[in-house]
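Chemist: So here's coords.cif, just mmCIF, C-alpha atoms:
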data_my_file
loop_
_atom_site.label_atom_id
_atom_site.label_comp_id
_atom_site.auth_asym_id
_atom_site.auth_seq_id
_atom_site.Cartn_x
_atom_site.Cartn_y
_atom_site.Cartn_z
CA MET C 18 -62.70 -103.84 -51.04
CA PRO C 19 -61.30 -105.33 -47.83
CA PRO C 20 -58.00 -103.94 -46.57
CA HIS C 21 -54.84 -105.77 -47.53
CA PHE C 22 -51.66 -105.29 -45.55
CA GLN C 23 -48.72 -103.60 -47.18
CA LEU C 24 -45.38 -102.62 -45.72
CA ASP C 25 -43.61 -99.33 -46.26
CA GLU C 26 -39.87 -98.96 -46.63
CA ASP C 27 -39.48 -99.31 -42.83
CA ASN C 28 -41.56 -102.52 -42.75
CA ASP C 29 -44.44 -100.71 -41.02
CA VAL C 30 -48.02 -101.69 -41.71
CA ILE C 31 -50.04 -99.49 -44.02
CA HIS C 32 -53.50 -100.02 -45.43
CA ASP C 33 -56.41 -97.92 -46.55
CA ALA C 34 -58.38 -97.42 -43.35
CA GLU C 35 -61.28 -96.02 -45.38
CA ALA C 36 -61.77 -99.58 -46.61
CA PHE C 37 -61.80 -100.98 -43.09
CA SER C 38 -65.57 -101.41 -43.01
CA LEU C 39 -67.16 -103.92 -45.37
CA ALA C 40 -70.63 -102.64 -44.51
CA THR C 41 -72.42 -99.86 -46.36
CA GLU C 42 -73.83 -96.81 -44.64
CA SER C 43 -77.34 -98.05 -45.40
CA ALA C 44 -76.53 -101.26 -43.53
CA TYR C 45 -75.53 -99.25 -40.46
CA GLN C 46 -78.77 -97.28 -40.74
CA ALA C 47 -80.77 -100.50 -40.83
CA ALA C 48 -78.94 -102.37 -38.06
CA TYR C 49 -77.96 -99.73 -35.50
CA SER C 50 -80.19 -97.69 -33.19
CA PRO C 51 -80.31 -93.88 -33.59
CA LEU C 52 -78.19 -93.41 -30.45
CA ARG C 53 -75.61 -95.90 -31.67
CA LEU C 54 -75.46 -94.22 -35.09
CA TYR C 55 -75.05 -90.80 -33.49
CA LEU C 56 -72.21 -91.90 -31.21
CA ARG C 57 -70.49 -93.77 -34.03
CA GLN C 58 -70.57 -90.77 -36.34
CA LEU C 59 -69.32 -88.53 -33.53
CA VAL C 60 -66.25 -90.70 -33.00
CA VAL C 61 -65.62 -91.32 -36.72
CA ASP C 62 -65.66 -87.58 -37.47
CA LYS C 63 -63.33 -86.91 -34.53
CA VAL C 64 -60.85 -89.58 -35.68
CA LYS C 65 -60.84 -88.14 -39.20
CA ARG C 66 -60.10 -84.65 -37.87
CA GLU C 67 -57.26 -86.00 -35.73
CA ASN C 68 -55.56 -87.93 -38.56
CA PRO C 69 -53.43 -84.99 -39.82
CA LYS C 70 -52.30 -84.21 -36.26
CA LEU C 71 -51.26 -87.83 -35.68
CA ALA C 72 -49.34 -87.89 -38.94
CA ALA C 73 -47.62 -84.61 -38.03
CA ILE C 74 -46.59 -86.01 -34.62
CA GLN C 75 -45.04 -89.06 -36.26
CA HIS C 76 -43.28 -86.93 -38.87
CA ARG C 77 -41.74 -84.70 -36.22
CA TYR C 78 -40.82 -87.13 -33.45
CA ARG C 79 -40.40 -90.56 -35.00
CA SER C 80 -37.01 -92.26 -34.61
CA PRO C 81 -35.72 -95.86 -34.46
CA GLY C 82 -35.14 -95.55 -30.72
CA LEU C 83 -38.66 -94.36 -29.98
CA ASP C 84 -40.06 -97.04 -32.29
CA ARG C 85 -38.38 -99.73 -30.18
CA LEU C 86 -39.38 -98.06 -26.89
CA PHE C 87 -43.06 -97.76 -27.69
CA MET C 88 -43.31 -101.19 -29.33
CA PHE C 89 -41.78 -102.64 -26.16
CA SER C 90 -44.14 -100.66 -23.92
CA GLY C 91 -47.03 -101.96 -26.00
CA MET C 92 -45.87 -105.51 -25.25
CA LEU C 93 -46.05 -104.70 -21.52
CA GLY C 94 -49.72 -103.95 -21.95
CA ASN C 95 -50.80 -106.84 -24.15
CA HIS C 96 -52.68 -110.03 -23.38
CA SER C 97 -49.61 -112.29 -23.47
CA PHE C 98 -47.81 -110.24 -20.81
CA PHE C 99 -50.72 -110.47 -18.39
CA MET C 100 -51.25 -114.16 -19.14
CA ILE C 101 -47.66 -114.83 -18.04
CA ALA C 102 -47.50 -112.33 -15.16
CA LEU C 103 -50.84 -112.82 -13.39
CA PRO C 104 -50.43 -116.52 -12.43
CA PHE C 105 -47.39 -115.66 -10.32
CA LEU C 106 -49.52 -113.45 -8.06
CA HIS C 107 -51.76 -116.41 -7.30
CA THR C 108 -48.88 -118.87 -6.92
CA PHE C 109 -47.29 -116.58 -4.31
CA GLY C 110 -50.46 -116.61 -2.23
CA MET C 111 -51.76 -113.09 -2.82
CA GLY C 112 -55.34 -114.36 -2.70
CA ALA C 113 -57.99 -111.64 -2.86
CA PHE C 114 -55.62 -109.02 -4.32
CA ALA C 115 -54.55 -111.40 -7.09
CA ARG C 116 -58.17 -112.21 -7.89
CA GLY C 117 -59.13 -108.55 -7.88
CA LEU C 118 -56.28 -107.54 -10.17
CA THR C 119 -57.02 -110.42 -12.52
CA PHE C 120 -60.64 -109.35 -12.71
CA VAL C 121 -59.62 -105.72 -13.34
CA VAL C 122 -57.34 -106.68 -16.23
CA LEU C 123 -59.66 -109.18 -17.89
CA TRP C 124 -62.89 -107.25 -17.48
CA SER C 125 -61.06 -104.26 -18.98
CA ILE C 126 -60.79 -106.31 -22.14
CA TYR C 127 -64.51 -107.05 -22.02
CA PHE C 128 -65.63 -103.48 -21.33
CA SER C 129 -63.38 -101.93 -23.98
CA GLY C 130 -64.39 -104.61 -26.48
CA PHE C 131 -68.05 -104.01 -25.68
CA VAL C 132 -67.70 -100.30 -26.44
CA LYS C 133 -65.61 -101.00 -29.54
CA ASP C 134 -68.33 -103.20 -31.01
CA TYR C 135 -71.06 -100.76 -30.00
CA ILE C 136 -69.38 -97.67 -31.48
CA SER C 137 -67.81 -99.52 -34.46
CA ALA C 138 -65.34 -96.74 -35.31
CA PRO C 139 -62.19 -97.54 -37.32
CA ARG C 140 -58.64 -96.75 -36.29
CA PRO C 141 -56.70 -93.76 -37.71
CA ALA C 142 -56.36 -93.89 -41.50
CA SER C 143 -53.09 -95.31 -42.79
CA PRO C 144 -51.80 -93.50 -44.78
CA PRO C 145 -51.21 -90.74 -43.76
CA VAL C 146 -50.60 -92.31 -40.32
CA VAL C 147 -48.09 -95.15 -40.16
CA GLN C 148 -49.17 -98.04 -37.94
CA ILE C 149 -46.15 -99.36 -36.04
CA THR C 150 -46.95 -102.81 -34.66
CA ARG C 151 -45.68 -106.37 -34.45
CA SER C 152 -49.24 -107.66 -34.81
CA PRO C 153 -50.76 -106.33 -38.06
CA ALA C 154 -54.06 -108.18 -37.50
CA HIS C 155 -54.81 -105.81 -34.60
CA THR C 156 -55.24 -103.00 -37.12
CA LEU C 157 -58.44 -104.70 -38.27
CA GLU C 158 -60.07 -104.15 -34.89
CA TYR C 159 -62.14 -101.10 -34.16
CA GLY C 160 -60.30 -98.20 -32.55
CA PHE C 161 -62.48 -96.62 -29.85
CA PRO C 162 -61.59 -97.06 -27.04
CA SER C 163 -57.96 -98.18 -26.79
CA THR C 164 -57.90 -101.55 -25.01
CA HIS C 165 -54.22 -101.15 -24.09
CA THR C 166 -55.03 -97.82 -22.44
CA THR C 167 -58.09 -99.21 -20.68
CA TYR C 168 -56.37 -102.04 -18.88
CA ALA C 169 -53.11 -100.16 -18.33
CA VAL C 170 -54.95 -97.34 -16.54
CA ALA C 171 -57.34 -99.69 -14.71
CA THR C 172 -54.45 -101.87 -13.53
CA ILE C 173 -52.35 -98.95 -12.31
CA VAL C 174 -55.26 -97.26 -10.50
CA TYR C 175 -56.15 -100.54 -8.76
CA ILE C 176 -52.55 -101.31 -7.72
CA SER C 177 -52.00 -97.69 -6.64
CA HIS C 178 -54.89 -98.01 -4.20
CA PHE C 179 -53.25 -101.00 -2.50
CA MET C 180 -49.75 -99.47 -2.57
CA LEU C 181 -50.89 -96.23 -0.95
CA ASN C 182 -53.76 -97.26 1.32
CA VAL C 183 -53.06 -100.89 2.23
CA TRP C 184 -49.34 -101.60 1.92
CA HIS C 185 -48.18 -97.99 2.51
CA ILE C 186 -45.42 -98.19 -0.09
CA SER C 187 -43.39 -95.12 -0.98
CA THR C 188 -44.97 -92.80 -3.53
CA VAL C 189 -41.72 -93.04 -5.51
CA TRP C 190 -42.62 -96.58 -6.60
CA VAL C 191 -46.17 -95.49 -7.37
CA GLY C 192 -44.76 -92.70 -9.53
CA LEU C 193 -42.49 -95.09 -11.42
CA MET C 194 -45.45 -97.34 -12.11
CA TRP C 195 -47.44 -94.41 -13.49
CA ILE C 196 -44.51 -93.45 -15.74
CA CYS C 197 -44.67 -96.94 -17.24
CA GLY C 198 -48.41 -96.53 -17.72
CA VAL C 199 -48.01 -93.15 -19.42
CA THR C 200 -45.44 -94.71 -21.76
CA ILE C 201 -47.97 -97.36 -22.81
CA VAL C 202 -50.69 -94.76 -23.39
CA VAL C 203 -48.48 -92.33 -25.33
CA GLY C 204 -47.16 -95.25 -27.36
CA ARG C 205 -50.63 -96.00 -28.74
CA ILE C 206 -50.70 -92.53 -30.32
CA TYR C 207 -47.05 -92.53 -31.39
CA CYS C 208 -47.48 -95.92 -33.10
CA GLY C 209 -50.49 -94.64 -35.03
CA LEU C 210 -52.77 -97.34 -33.64
CA HIS C 211 -55.15 -94.98 -31.84
CA SER C 212 -56.31 -91.40 -32.00
CA PHE C 213 -56.55 -89.01 -29.06
CA ILE C 214 -60.24 -89.74 -28.54
CA ASP C 215 -59.51 -93.50 -28.44
CA VAL C 216 -56.98 -92.98 -25.66
CA VAL C 217 -59.22 -90.60 -23.71
CA GLY C 218 -62.05 -93.13 -23.91
CA GLY C 219 -59.74 -95.85 -22.61
CA ILE C 220 -58.59 -93.66 -19.71
CA VAL C 221 -62.16 -92.86 -18.65
CA ILE C 222 -63.33 -96.49 -18.84
CA GLY C 223 -60.20 -97.72 -17.05
CA ILE C 224 -60.58 -95.29 -14.14
CA ILE C 225 -64.30 -96.00 -13.68
CA GLU C 226 -63.76 -99.76 -13.80
CA ALA C 227 -60.84 -99.71 -11.36
CA LEU C 228 -62.74 -97.58 -8.83
CA CYS C 229 -65.73 -99.93 -9.05
CA PHE C 230 -63.49 -102.88 -8.21
CA VAL C 231 -61.75 -100.97 -5.42
CA PHE C 232 -65.06 -100.26 -3.70
CA PHE C 233 -67.12 -103.35 -4.54
CA PHE C 234 -64.79 -106.30 -5.24
CA ASP C 235 -64.75 -107.56 -1.64
CA ARG C 236 -68.53 -108.08 -1.79
CA LEU C 237 -68.33 -109.67 -5.22
CA ASP C 238 -65.50 -111.93 -4.08
CA ALA C 239 -67.45 -113.09 -1.02
CA LEU C 240 -70.44 -113.82 -3.24
CA MET C 241 -68.36 -115.94 -5.64
CA LEU C 242 -66.79 -117.92 -2.78
CA SER C 243 -70.16 -118.58 -1.16
CA THR C 244 -71.98 -121.90 -1.42
CA ALA C 245 -73.84 -120.82 -4.56
CA GLY C 246 -70.76 -119.02 -5.93
CA PRO C 247 -70.41 -121.00 -9.18
CA LEU C 248 -74.04 -120.32 -10.05
CA TYR C 249 -73.52 -116.58 -9.62
CA SER C 250 -70.33 -116.74 -11.71
CA ILE C 251 -72.04 -118.64 -14.53
CA ALA C 252 -74.98 -116.21 -14.51
CA ILE C 253 -72.65 -113.19 -14.74
CA PHE C 254 -70.69 -114.85 -17.55
CA TYR C 255 -73.84 -115.72 -19.53
CA PHE C 256 -75.26 -112.22 -19.14
CA ALA C 257 -71.97 -110.62 -20.22
CA MET C 258 -71.57 -112.82 -23.31
CA SER C 259 -75.18 -112.50 -24.44
CA SER C 260 -74.98 -108.71 -24.06
CA ILE C 261 -72.07 -108.18 -26.47
CA PRO C 262 -73.28 -105.83 -29.24
CA ARG C 263 -73.29 -107.23 -32.75
CA SER C 264 -71.02 -105.22 -35.03
CA LEU C 265 -71.56 -105.11 -38.77
CA ASP C 266 -67.90 -105.92 -39.37
CA PRO C 267 -66.41 -109.17 -38.04
CA CYS C 268 -64.22 -107.37 -35.50
CA PRO C 269 -62.39 -109.98 -33.36
CA CYS C 270 -62.95 -107.94 -30.19
CA CYS C 271 -65.72 -110.38 -29.25
CA ILE C 272 -63.20 -113.24 -29.30
CA ASP C 273 -61.03 -111.38 -26.78
CA SER C 274 -64.12 -110.84 -24.62
CA PHE C 275 -64.96 -114.55 -24.68
CA CYS C 276 -61.40 -115.49 -23.73
CA ALA C 277 -61.04 -112.90 -20.95
CA THR C 278 -64.38 -113.53 -19.26
CA SER C 279 -63.91 -117.30 -19.56
CA VAL C 280 -60.73 -116.93 -17.50
CA THR C 281 -62.61 -114.98 -14.81
CA LEU C 282 -65.29 -117.69 -14.76
CA GLY C 283 -62.66 -120.38 -14.29
CA LEU C 284 -60.88 -118.31 -11.65
CA SER C 285 -64.05 -118.01 -9.58
CA ILE C 286 -64.81 -121.72 -9.86
CA GLY C 287 -61.17 -122.69 -9.27
CA TYR C 288 -60.89 -120.76 -6.02
CA TRP C 289 -64.33 -122.03 -4.95
CA ILE C 290 -63.05 -125.62 -5.32
CA HIS C 291 -59.72 -124.77 -3.67
CA ALA C 292 -61.47 -123.30 -0.61
CA ARG C 293 -63.27 -126.61 -0.10
CA LEU C 294 -60.09 -128.72 -0.05
CA PRO C 295 -58.68 -127.96 3.44
CA PHE C 296 -55.52 -130.03 3.03
CA LEU C 297 -54.38 -127.54 0.34
CA TRP C 298 -54.43 -124.55 2.68
CA HIS C 299 -54.22 -125.99 6.20
CA THR C 300 -51.36 -123.61 7.05
CA GLY C 301 -52.86 -120.52 5.45
CA GLN C 302 -56.11 -119.00 4.22
CA SER C 303 -58.82 -120.91 2.42
CA ASP C 304 -59.06 -118.28 -0.33
CA ALA C 305 -55.33 -118.17 -1.18
CA ILE C 306 -52.78 -120.66 -2.48
CA SER C 307 -50.54 -121.47 0.51
CA TRP C 308 -47.27 -119.57 0.70
CA ASP C 309 -44.99 -118.08 3.33
CA SER C 310 -41.35 -117.19 3.92
CA SER C 311 -40.45 -120.75 4.97
CA LEU C 312 -40.31 -121.69 1.29
CA THR C 313 -36.82 -121.61 -0.19
CA LEU C 314 -35.87 -119.95 -3.46
CA THR C 315 -35.66 -123.36 -5.10
CA GLN C 316 -39.12 -124.33 -3.86
CA ASN C 317 -40.60 -121.08 -5.14
CA ALA C 318 -38.92 -121.57 -8.52
CA LEU C 319 -40.32 -125.11 -8.74
CA ARG C 320 -43.82 -123.89 -7.84
CA CYS C 321 -43.66 -121.25 -10.59
CA LEU C 322 -42.29 -123.76 -13.10
CA ILE C 323 -44.99 -126.31 -12.29
CA THR C 324 -47.73 -123.71 -12.66
CA ILE C 325 -46.49 -122.36 -15.99
CA VAL C 326 -45.91 -125.84 -17.44
CA LEU C 327 -49.38 -127.00 -16.40
CA VAL C 328 -51.08 -123.86 -17.76
CA VAL C 329 -49.28 -124.09 -21.11
CA ALA C 330 -49.88 -127.85 -21.31
CA TRP C 331 -53.61 -127.36 -20.70
CA LYS C 332 -53.86 -124.48 -23.18
CA VAL C 333 -52.08 -126.39 -25.95
CA GLY C 334 -53.12 -129.97 -25.18
CA SER C 335 -56.80 -129.45 -24.46
CA LYS C 336 -57.64 -127.48 -27.59
CA PRO C 337 -57.90 -130.27 -30.21
CA PHE C 338 -60.04 -132.46 -27.95
CA ILE C 339 -62.37 -129.68 -26.77
CA VAL C 340 -62.87 -128.26 -30.26
CA SER C 341 -63.77 -131.74 -31.49
CA MET C 342 -66.21 -132.24 -28.62
CA VAL C 343 -67.87 -128.85 -29.23
CA ARG C 344 -68.29 -129.67 -32.92
CA TYR C 345 -69.90 -132.97 -31.97
CA LEU C 346 -72.18 -131.66 -29.20
CA VAL C 347 -73.10 -128.12 -30.27
CA PRO C 348 -75.34 -127.39 -33.28
CA ASP C 349 -73.88 -125.45 -36.18
CA TYR C 350 -75.48 -122.07 -35.53
CA LEU C 351 -73.83 -120.60 -38.60
CA SER C 352 -76.01 -122.76 -40.83
CA GLN C 353 -78.93 -120.64 -39.66
CA VAL C 354 -77.44 -117.55 -41.29
CA SER C 355 -78.53 -117.10 -44.90
CA SER C 356 -75.08 -116.14 -46.07
CA GLU C 357 -71.65 -117.58 -46.53
CA GLU C 358 -70.36 -119.20 -43.35
CA CYS C 359 -67.41 -117.87 -41.44
CA SER C 360 -64.46 -120.23 -41.25
CA ASP C 361 -62.96 -118.98 -38.01
CA ASP C 362 -59.59 -120.67 -37.86
CA SER C 363 -57.82 -121.22 -34.56
CA SER C 364 -57.98 -117.47 -33.95
CA ALA C 365 -59.26 -114.66 -36.10
CA LYS C 366 -56.62 -112.45 -34.56
CA ASP C 367 -53.83 -114.67 -35.86
CA SER C 368 -55.15 -115.00 -39.39
CA ASP C 369 -54.41 -112.67 -42.26
CA SER C 370 -56.52 -109.78 -43.42
CA ASP C 371 -58.54 -111.94 -45.80
CA CYS C 372 -60.32 -113.47 -42.79
CA LYS C 373 -62.21 -110.24 -42.46
CA GLN C 374 -63.68 -110.81 -45.92
CA ASP C 375 -64.25 -114.56 -45.41
CA CYS C 376 -66.04 -114.02 -42.10
CA TYR C 377 -68.30 -111.25 -43.33
CA VAL C 378 -72.03 -111.99 -43.18
CA ALA C 379 -73.98 -109.51 -45.27
CA PRO C 380 -76.92 -108.27 -43.18
CA THR C 381 -80.43 -109.03 -44.38
CA ALA C 382 -83.66 -107.90 -42.75
CA SER C 383 -84.02 -111.33 -41.15
CA ASN C 384 -80.41 -111.38 -39.93
CA ILE C 385 -80.74 -107.90 -38.41
CA LYS C 386 -83.98 -108.82 -36.65
CA ASN C 387 -82.39 -111.97 -35.16
CA ARG C 388 -79.01 -110.25 -34.48
CA ARG C 389 -77.24 -112.71 -36.79
CA TYR C 390 -74.87 -110.55 -38.76
CA GLY C 391 -71.25 -109.39 -38.76
CA SER C 392 -69.49 -110.48 -35.58
CA TYR C 393 -72.23 -113.06 -34.87
CA ALA C 394 -70.38 -115.48 -37.13
CA LEU C 395 -67.24 -115.18 -35.02
CA MET C 396 -69.12 -115.47 -31.73
CA VAL C 397 -71.03 -118.70 -32.45
CA SER C 398 -68.33 -120.55 -34.37
CA HIS C 399 -67.35 -123.88 -32.83
CA GLU C 400 -63.77 -122.65 -32.39
CA ASN C 401 -64.90 -119.66 -30.37
CA LEU C 402 -67.37 -121.60 -28.21
CA ALA C 403 -64.56 -124.04 -27.46
CA ARG C 404 -62.59 -121.17 -25.97
CA ILE C 405 -64.98 -121.09 -23.00
CA PRO C 406 -63.85 -124.42 -21.46
CA ILE C 407 -60.29 -123.98 -22.71
CA TYR C 408 -59.75 -120.60 -21.07
CA SER C 409 -61.85 -121.45 -18.02
CA GLY C 410 -59.58 -124.43 -17.50
CA ILE C 411 -56.45 -122.29 -17.23
CA PRO C 412 -57.20 -120.79 -13.77
CA ILE C 413 -58.79 -124.05 -12.57
CA THR C 414 -55.49 -125.74 -13.42
CA MET C 415 -53.65 -123.01 -11.52
CA CYS C 416 -55.94 -122.99 -8.46
CA VAL C 417 -56.58 -126.72 -8.05
CA VAL C 418 -54.17 -128.90 -10.04
CA SER C 419 -51.03 -126.91 -9.21
CA PRO C 420 -51.67 -126.86 -5.42
CA LEU C 421 -52.35 -130.60 -5.55
CA LEU C 422 -48.89 -131.10 -7.04
CA PHE C 423 -47.40 -128.68 -4.51
CA TYR C 424 -48.93 -130.84 -1.78
CA MET C 425 -47.71 -134.11 -3.33
CA PHE C 426 -44.14 -132.85 -3.91
CA GLY C 427 -43.72 -131.22 -0.48
CA LEU C 428 -43.77 -127.66 -1.80
CA MET C 429 -46.25 -126.40 0.80
CA PRO C 430 -45.24 -124.15 3.74
CA SER C 431 -44.17 -126.03 6.86
CA SER C 432 -46.89 -126.50 9.49
#
Please express what this file holds, its structure, as structure tokens.

Modeler:
Amino acid sequence: MPPHFQLDEDNDVIHDAEAFSLATESAYQAAYSPLRLYLRQLVVDKVKRENPKLAAIQHRYRSPGLDRLFMFSGMLGNHSFFMIALPFLHTFGMGAFARGLTFVVLWSIYFSGFVKDYISAPRPASPPVVQITRSPAHTLEYGFPSTHTTYAVATIVYISHFMLNVWHISTVWVGLMWICGVTIVVGRIYCGLHSFIDVVGGIVIGIIEALCFVFFFDRLDALMLSTAGPLYSIAIFYFAMSSIPRSLDPCPCCIDSFCATSVTLGLSIGYWIHARLPFLWHTGQSDAISWDSSLTLTQNALRCLITIVLVVAWKVGSKPFIVSMVRYLVPDYLSQVSSEECSDDSSAKDSDSDCKQDCYVAPTASNIKNRRYGSYALMVSHENLARIPIYSGIPITMCVVSPLLFYMFGLMPSS
């Protein structure tokens, strides 16, 4: 039986986590490699052993004040926060740093989602653990590793490098930033959304990813801004999307991966176009949106307002047209699956728990051989494929359309 959401007396989400997976053990044996099965069982057993400890922690420390604190800290580490916060870095002309941080955050979503689909381990069982969240649909994702932890740690490590080694900012501010990060990480355990092993996995992935970007992003950035930059960006995007492991359950992690990497694709192409329009940066650097201290507070506020309005307008206004065009131009790949089709509404993450049942494609020998099972239905749906141009268009709007309006309305720095 698929899980159905229930609320306890405190309006917290509870469901039978043992029923999270719609696939049988024999299906896992048939579809997954021996290494993948071994790692999955390792994590599943560990999560089961940690369940009583997590429940005991909640029983001992839970209070209304801590509930509010950790739910708020979770909001500081979610996709919506970064979608609102990151554009300001670009609007204020932070160039390479803004691109690097954006890549760190968004590729964290991809890497953690990749591992989640590969391991396919459920979250802590509820009950006995109570899952405290404002987004119940997230409890239907796999648990290992914690995505919040991955991009919180990766973001803080990356920013800490610049604060200490480039900007030489006081360690006090670095420490305060790490306190915020620890709050996000601890909150994932307190809220019953992740086990200890989920958080540890997120920390490890986040640190490795951040260090890779610290040491290698300058070369990657130069490659993307080169003459053949868009071709390199498209190749990386295609390789990343085609490499996503198929999970037996329709976990919406793959949708997050499509959205996040589509933004990085659009960011690379957007800055590539911007660098080839000299009148947009004649007073600054070709790889950064023009800004300096000559801009007044009112001008800066208008620039931010224009950027946010354009981004939201593109996100909302482009969707109906692009989805229609994708349905018209792209074949219905789901018809090739010999099972009930998945009706992926506007977003599997925003639908109720029944979507997990509706989107489930029972694996057959043919489906397993062709990798057309489970999350495949979510990945190749017209709605998900439409997310590629929709989300790619967001940074292109920010990097090209917004500066054009800045130029037209006299919101550029003085020569």

Chemist: Give me, as a tab-separated table, each residue of range 38-80 of chain C that comes within 9 Å of range 131-144 of chain C, together with its shortest interatomic pair and the distance in Å at one decimal, counting all atoms listed in the file, with rows ordered by chain and rising residue number.

Modeler:
residue	atom	partner	partner_atom	distance
C:Ser38	CA	C:Pro139	CA	7.7
C:Tyr49	CA	C:Tyr135	CA	8.9
C:Arg53	CA	C:Ile136	CA	6.5
C:Leu54	CA	C:Ile136	CA	7.9
C:Leu56	CA	C:Ile136	CA	6.4
C:Arg57	CA	C:Ile136	CA	4.8
C:Gln58	CA	C:Ala138	CA	8.0
C:Val60	CA	C:Ala138	CA	6.5
C:Val61	CA	C:Ala138	CA	5.6
C:Val64	CA	C:Pro141	CA	6.2
C:Lys65	CA	C:Pro141	CA	7.1
C:Glu67	CA	C:Pro141	CA	8.0
C:Asn68	CA	C:Pro141	CA	6.0
C:Leu71	CA	C:Pro141	CA	8.3
C:Ala72	CA	C:Pro144	CA	8.5

Chemist: When the PyMOL selection byres ((chain C and resi 208) around 8) is applied to the file above, which residues end up in the set, as a CSV table (one decimal) with C-alpha atoms, in the frame of the given file?

Modeler:
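Saved file expr-v8.csv follows:
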chain,number,residue,atom,x,y,z
C,75,GLN,CA,-45.0,-89.1,-36.3
C,84,ASP,CA,-40.1,-97.0,-32.3
C,87,PHE,CA,-43.1,-97.8,-27.7
C,88,MET,CA,-43.3,-101.2,-29.3
C,147,VAL,CA,-48.1,-95.2,-40.2
C,148,GLN,CA,-49.2,-98.0,-37.9
C,149,ILE,CA,-46.2,-99.4,-36.0
C,150,THR,CA,-47.0,-102.8,-34.7
C,204,GLY,CA,-47.2,-95.2,-27.4
C,205,ARG,CA,-50.6,-96.0,-28.7
C,206,ILE,CA,-50.7,-92.5,-30.3
C,207,TYR,CA,-47.0,-92.5,-31.4
C,209,GLY,CA,-50.5,-94.6,-35.0
C,210,LEU,CA,-52.8,-97.3,-33.6
C,211,HIS,CA,-55.2,-95.0,-31.8

Chemist: Considering only C-alpha atoms, state which residue in the set C:Leu265, C:Met194, C:Met100, C:Val397 is at the smallest distance from Glu42 in chain C.

Modeler: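 Closest residue, counting only C-alpha atoms: C:Leu265.
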
Chemist: Measuring atom to atom with all atoms listed in the file, identify which of C:His165, C:Arg85, C:Arg116, C:Arg66 is nearest to Arg151 in chain C.

Modeler: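 Comparing C:His165, C:Arg85, C:Arg116, C:Arg66 against Arg151 in chain C, the winner is C:Arg85.
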
Chemist: On this structure, which residues satisfy the PyMOL selection byres ((chain C and resi 238) around 12), written as JSON, numbers by chain?

Modeler: {"C": [112, 113, 114, 115, 116, 117, 118, 120, 230, 231, 232, 233, 234, 235, 236, 237, 239, 240, 241, 242, 243, 246, 247, 249, 250, 281, 284, 285, 286, 288, 289, 304]}

Chemist: Limited to C-alpha atoms, could you put the picked residues into a file as a PDB file, in the coordinates of the input?

Modeler:
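Result written to again.pdb:
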ATOM      1  CA  GLY C 112     -55.340-114.360  -2.700  1.00  0.00           C
ATOM      2  CA  ALA C 113     -57.990-111.640  -2.860  1.00  0.00           C
ATOM      3  CA  PHE C 114     -55.620-109.020  -4.320  1.00  0.00           C
ATOM      4  CA  ALA C 115     -54.550-111.400  -7.090  1.00  0.00           C
ATOM      5  CA  ARG C 116     -58.170-112.210  -7.890  1.00  0.00           C
ATOM      6  CA  GLY C 117     -59.130-108.550  -7.880  1.00  0.00           C
ATOM      7  CA  LEU C 118     -56.280-107.540 -10.170  1.00  0.00           C
ATOM      8  CA  PHE C 120     -60.640-109.350 -12.710  1.00  0.00           C
ATOM      9  CA  PHE C 230     -63.490-102.880  -8.210  1.00  0.00           C
ATOM     10  CA  VAL C 231     -61.750-100.970  -5.420  1.00  0.00           C
ATOM     11  CA  PHE C 232     -65.060-100.260  -3.700  1.00  0.00           C
ATOM     12  CA  PHE C 233     -67.120-103.350  -4.540  1.00  0.00           C
ATOM     13  CA  PHE C 234     -64.790-106.300  -5.240  1.00  0.00           C
ATOM     14  CA  ASP C 235     -64.750-107.560  -1.640  1.00  0.00           C
ATOM     15  CA  ARG C 236     -68.530-108.080  -1.790  1.00  0.00           C
ATOM     16  CA  LEU C 237     -68.330-109.670  -5.220  1.00  0.00           C
ATOM     17  CA  ALA C 239     -67.450-113.090  -1.020  1.00  0.00           C
ATOM     18  CA  LEU C 240     -70.440-113.820  -3.240  1.00  0.00           C
ATOM     19  CA  MET C 241     -68.360-115.940  -5.640  1.00  0.00           C
ATOM     20  CA  LEU C 242     -66.790-117.920  -2.780  1.00  0.00           C
ATOM     21  CA  SER C 243     -70.160-118.580  -1.160  1.00  0.00           C
ATOM     22  CA  GLY C 246     -70.760-119.020  -5.930  1.00  0.00           C
ATOM     23  CA  PRO C 247     -70.410-121.000  -9.180  1.00  0.00           C
ATOM     24  CA  TYR C 249     -73.520-116.580  -9.620  1.00  0.00           C
ATOM     25  CA  SER C 250     -70.330-116.740 -11.710  1.00  0.00           C
ATOM     26  CA  THR C 281     -62.610-114.980 -14.810  1.00  0.00           C
ATOM     27  CA  LEU C 284     -60.880-118.310 -11.650  1.00  0.00           C
ATOM     28  CA  SER C 285     -64.050-118.010  -9.580  1.00  0.00           C
ATOM     29  CA  ILE C 286     -64.810-121.720  -9.860  1.00  0.00           C
ATOM     30  CA  TYR C 288     -60.890-120.760  -6.020  1.00  0.00           C
ATOM     31  CA  TRP C 289     -64.330-122.030  -4.950  1.00  0.00           C
ATOM     32  CA  ASP C 304     -59.060-118.280  -0.330  1.00  0.00           C
TER      33      ASP C 304
END

Chemist: When distances are computed from only C-alpha atoms, which of C:Trp184, C:Tyr408, C:Tyr255, C:Trp331 shows the smallest separation from Cys276 in chain C?

Modeler: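 Once distances to Cys276 in chain C are computed over only C-alpha atoms, the minimum belongs to C:Tyr408.
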
Chemist: Counting only C-alpha atoms, which of C:Ile74, C:Ile176, C:Val329, C:Ala245 gets nearest to Gly192 in chain C?

Modeler: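 Of C:Ile74, C:Ile176, C:Val329, C:Ala245, the one nearest Gly192 in chain C is C:Ile176, counting only C-alpha atoms.
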